[in-house]
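Since the structure comes first, as structure tokens, the remarks are kept for the end.
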Amino acid sequence: MLSQPMLRLASAVSCRRTKPLLCIALLAYVASVWDNLVNMRPIQENGELRIESRLDKIIEPLREKIRDLEKSFTQKYSPVKFLSEKDCKRILVTGGMGFVGSYLMDKLMMDGHKVTMVDNFFMGRKRNMEHWVSHENFELINHDMLEQLSIEVDQIYHLASPASPPSYMYNPFKTLKTNTVGTLNMLGLAKRVGARLFLASTSEVCRDPEVHPQTEDYWGRVNPIGPCPRFAEMCYACMKQEGVAVRVARIFNTFGPRMHMNDGWVVSNFILQALQGEPLTVYRSGSQTRAFRYISDLVNRLVALTNSNVSSPVKLGNPEEHTILEFAQLIKNPVGSGSKIQFLSEKAKLMPGWEPMVLREEGLNKAIFYFRKELEYHANNQYIPKPKPARMKTERASHN
Ligand SMILES: NC(=O)c1ccc[n+]([C@@H]2O[C@H](COP(=O)([O-])OP(=O)(O)OC[C@H]3O[C@@H](n4cnc5c(N)ncnc54)[C@H](O)[C@@H]3O)[C@@H](O)[C@H]2O)c1
């Protein structure tokens, strides 16, 4: 519906009376619209102000949280020594988010070095290094050891390896590749940039040792097809052939915070069992002895070894040995646990749930039957086993 002035305007236009009348009417209309707009602005501004203040109320606590987080990050750093440019080393730690690597990184950072940490996050936990995030001496690279790495460093601590039984058995082929290709990549890097390489080897090379505790001149009893082949040999070959400075430690059982809950080592197993009121499982009689070392002691020795002139492999254990049974008691008491100690046979440990299905006599009868049938194929039912002669290369004829 048209308003009265608009009707008048319309009749004026239709009657084509005068142009000025039309102009005046239009001007009046525009003026009234403008007036309305000007009057509405304060209402709109008021609304916007109200929305803004409500948003402020929501955002302010978030801003407060961010300020707190920023403060906690800067306050959390442990004190770091100042080193002159000459003494400050650029150090690469592979597997730095793992148990040993993260403590090593703490030591190197606090000693004032510039540390680059490499990990593929397979077993490593971000929590192990979050206290160094944003520190000017710290750098983290998400990297798999199977790939080459280009970086300028003075020292390399090579610890990246799926170390615990559940992790190295999860993907055994990848474990072997990480240990071979990963170590080769680090040897290549050390050679290119002239860095010293430390390799974290394992006491597993002394599998079921005959000597307890193992001294440094005890060479171990190696299981050549076990899951822990000797990659240290590769490093020594590289040292002899290419002159790369190599340091190797055979690490024995180490414990401390940041161990993995499911690493399968005896200390973490006992602690978890005691805390949960479960029986502490001891294999055999528990009289077998082990030496356990606390993580900070190990890390101090690793750094001292790397900076020393000792290039032969060094066993890092603990001269103080305990029986497994003593260790179970040692853990049970401080936890205050009512857990019992349960003795399991070694067989159960190696093959849980395995029971022989065939009786010895029954199995032997089957084998005897088989051999009897085989003999029937031979003359007079007789066969004397003879080993095949070894294939020997005949000597080449001399040209002289
Ligand atoms: N903890 C011990 O008692 C002990 C005993 C003997 C030897 N060691 C040796 O010390 C080293 C560290 O052991 P840990 O107990 O800290 O083990 P861990 O499992 O806690 O740490 C190993 C780290 O290596 C990383 N990693 C694995 N594969 C990788 C890959 N392909 N690329 C990049 N990163 C990879 C994992 O994510 C993890 O952070 C290992 O070489 C282990 O064999 C440890």
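Residue numbering restarts at 1 for every chain of the structure tokens, chains are lettered A, B, ... in their displayed order, and ligands are numbered from 1 as they appear.
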Residues at most 7 Å from segment 129-143 of chain A, counting only C-alpha atoms, excluding those fewer than 5 positions away in the same chain, as a VMD selection string?
chain A and resid 76 to 77 97 102 113 to 120
May I have all residues of segment 51-110 of chain A that DSSP, computed from the backbone, assigns to alpha helix (DSSP H), given as number ranges by chain?
A: 51-76, 99-110
Can you write just those residues out, C-alpha atoms, as a compact mmCIF listing (two decimals), in the first residue's frame?
# COMPACT_ATOMS: atom_id res chain seq x y z
CA ILE A 51 28.01 -9.17 21.58
CA GLU A 52 31.63 -8.06 21.89
CA SER A 53 31.48 -7.95 25.68
CA ARG A 54 29.88 -11.40 25.78
CA LEU A 55 32.63 -12.79 23.50
CA ASP A 56 35.22 -11.14 25.72
CA LYS A 57 33.78 -12.97 28.71
CA ILE A 58 34.16 -16.31 26.89
CA ILE A 59 37.60 -15.61 25.45
CA GLU A 60 39.22 -14.10 28.54
CA PRO A 61 39.61 -17.40 30.47
CA LEU A 62 41.12 -18.97 27.33
CA ARG A 63 43.58 -16.07 27.05
CA GLU A 64 44.42 -16.62 30.70
CA LYS A 65 45.10 -20.33 30.05
CA ILE A 66 47.39 -19.54 27.10
CA ARG A 67 49.31 -17.04 29.28
CA ASP A 68 49.70 -19.74 31.98
CA LEU A 69 50.89 -22.31 29.45
CA GLU A 70 53.42 -19.86 27.99
CA LYS A 71 54.67 -19.09 31.48
CA SER A 72 54.95 -22.78 32.42
CA PHE A 73 56.94 -23.52 29.25
CA THR A 74 59.52 -20.87 29.97
CA GLN A 75 59.72 -21.71 33.66
CA LYS A 76 60.01 -25.48 33.23
CA PHE A 99 63.64 -44.45 27.81
CA VAL A 100 67.46 -44.16 27.66
CA GLY A 101 67.52 -41.53 24.87
CA SER A 102 65.34 -39.06 26.76
CA TYR A 103 67.58 -39.15 29.87
CA LEU A 104 70.66 -38.84 27.71
CA MET A 105 69.12 -35.82 26.03
CA ASP A 106 68.40 -34.24 29.46
CA LYS A 107 72.05 -34.67 30.45
CA LEU A 108 73.44 -33.28 27.18
CA MET A 109 71.05 -30.30 27.30
CA MET A 110 71.89 -29.51 30.92
note - atom CA of Thr183 of chain A and atom CA of Glu242 of chain A are separated by 14.8 Å
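Among A:Glu233, A:Glu45, A:Asp154, A:Glu85, the residue with the shortest atom-to-atom distance to Ala195 of chain A, counting only C-alpha atoms, is A:Asp154.
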Give the residue list for ligand 1 at 6 Å, counting only C-alpha atoms and all ligand atoms, as a PyMOL selection string, sorted by chain and then by residue number.
chain A and resi 95-101+119-124+143-146+159-163+178+200-203+251-254
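The shortest atom-to-atom distance to Leu316 of chain A, with only C-alpha atoms taken into account, belongs to A:Ala304 out of A:Ser164, A:Gln329, A:Ala304, A:Val30.
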Close residues, Met239 of chain A itself excluded, 12 Å, only C-alpha atoms, min 6 positions apart in chain, as a ChimeraX atom specification
/A:187-188,190-191,194-198,232-233,245-248,311-312
Keeping only C-alpha atoms, write those residues as a PDB file, in the first residue's frame.
ATOM      1  CA  LEU A 187      78.058 -44.581  10.097  1.00  0.00           C
ATOM      2  CA  GLY A 188      77.760 -42.880   6.693  1.00  0.00           C
ATOM      3  CA  ALA A 190      79.593 -39.882  10.901  1.00  0.00           C
ATOM      4  CA  LYS A 191      82.072 -40.466   8.080  1.00  0.00           C
ATOM      5  CA  GLY A 194      83.690 -36.374  10.794  1.00  0.00           C
ATOM      6  CA  ALA A 195      81.522 -37.057  13.869  1.00  0.00           C
ATOM      7  CA  ARG A 196      82.194 -39.544  16.669  1.00  0.00           C
ATOM      8  CA  LEU A 197      79.571 -42.309  16.835  1.00  0.00           C
ATOM      9  CA  PHE A 198      78.299 -43.968  19.990  1.00  0.00           C
ATOM     10  CA  ALA A 232      78.851 -53.368  16.785  1.00  0.00           C
ATOM     11  CA  GLU A 233      80.984 -55.451  14.406  1.00  0.00           C
ATOM     12  CA  ALA A 245      85.663 -42.839  15.716  1.00  0.00           C
ATOM     13  CA  VAL A 246      83.369 -45.424  17.310  1.00  0.00           C
ATOM     14  CA  ARG A 247      82.374 -46.051  20.930  1.00  0.00           C
ATOM     15  CA  VAL A 248      80.251 -49.068  21.897  1.00  0.00           C
ATOM     16  CA  SER A 311      87.318 -47.625  21.565  1.00  0.00           C
ATOM     17  CA  SER A 312      86.765 -51.274  22.544  1.00  0.00           C
TER      18      SER A 312
END
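When the distance limit is 8 Å and only C-alpha atoms are what count, the residues near segment 262-265 of chain A, minus those fewer than 6 positions from it on the same chain, are Ser164, Pro165, Pro166 and Ser167 of chain A.
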What does the distance between atom CA of Gln241 of chain A and atom CA of Ile156 of chain A come to in Å, to one decimal place?
18.9 Å
Which residue is closest to Pro257 of chain A? Choose from A:Tyr29, A:Tyr294, A:Phe327, A:Phe343 and count only C-alpha atoms.
A:Tyr294
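Taking atom CA of Ser308 of chain A and atom CA of Phe82 of chain A as endpoints, the distance between them is 21.9 Å.
With distances restricted to only C-alpha atoms, A:Met186 is the closest residue to Val93 of chain A from A:Leu305, A:Met186, A:Ala328, A:Val181.
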Could I get the residues of segment 292-377 of chain A with an atom no further than 10 Å from an atom of segment 278-288 of chain A, each paired with its nearest atom pair and that distance in Å to one decimal, using only C-alpha atoms, sorted by chain and residue number, as a Markdown table?
| residue | atom | partner | partner_atom | distance |
| --- | --- | --- | --- | --- |
| A:Glu321 | CA | A:Gln288 | CA | 9.7 |
| A:His322 | CA | A:Gln288 | CA | 8.3 |
| A:Thr323 | CA | A:Ser287 | CA | 5.1 |
| A:Ile324 | CA | A:Gly286 | CA | 5.0 |
| A:Leu325 | CA | A:Gly286 | CA | 4.8 |
| A:Glu326 | CA | A:Gly286 | CA | 8.2 |
| A:Phe327 | CA | A:Gly286 | CA | 9.3 |
| A:Ala328 | CA | A:Leu280 | CA | 6.9 |
| A:Gln329 | CA | A:Leu280 | CA | 9.4 |
| A:Ile331 | CA | A:Leu280 | CA | 9.7 |
| A:Lys332 | CA | A:Leu280 | CA | 8.6 |
| A:Ser337 | CA | A:Glu278 | CA | 8.9 |
| A:Gly338 | CA | A:Glu278 | CA | 8.6 |
| A:Ser339 | CA | A:Pro279 | CA | 5.0 |
| A:Lys340 | CA | A:Pro279 | CA | 4.8 |
| A:Ile341 | CA | A:Leu280 | CA | 4.7 |
| A:Gln342 | CA | A:Thr281 | CA | 4.9 |
| A:Phe343 | CA | A:Val282 | CA | 4.9 |
| A:Leu344 | CA | A:Tyr283 | CA | 4.7 |
| A:Ser345 | CA | A:Arg284 | CA | 5.0 |
| A:Glu346 | CA | A:Tyr283 | CA | 5.7 |
| A:Lys347 | CA | A:Tyr283 | CA | 9.2 |
| A:Ala348 | CA | A:Tyr283 | CA | 8.7 |
| A:Lys349 | CA | A:Tyr283 | CA | 7.3 |
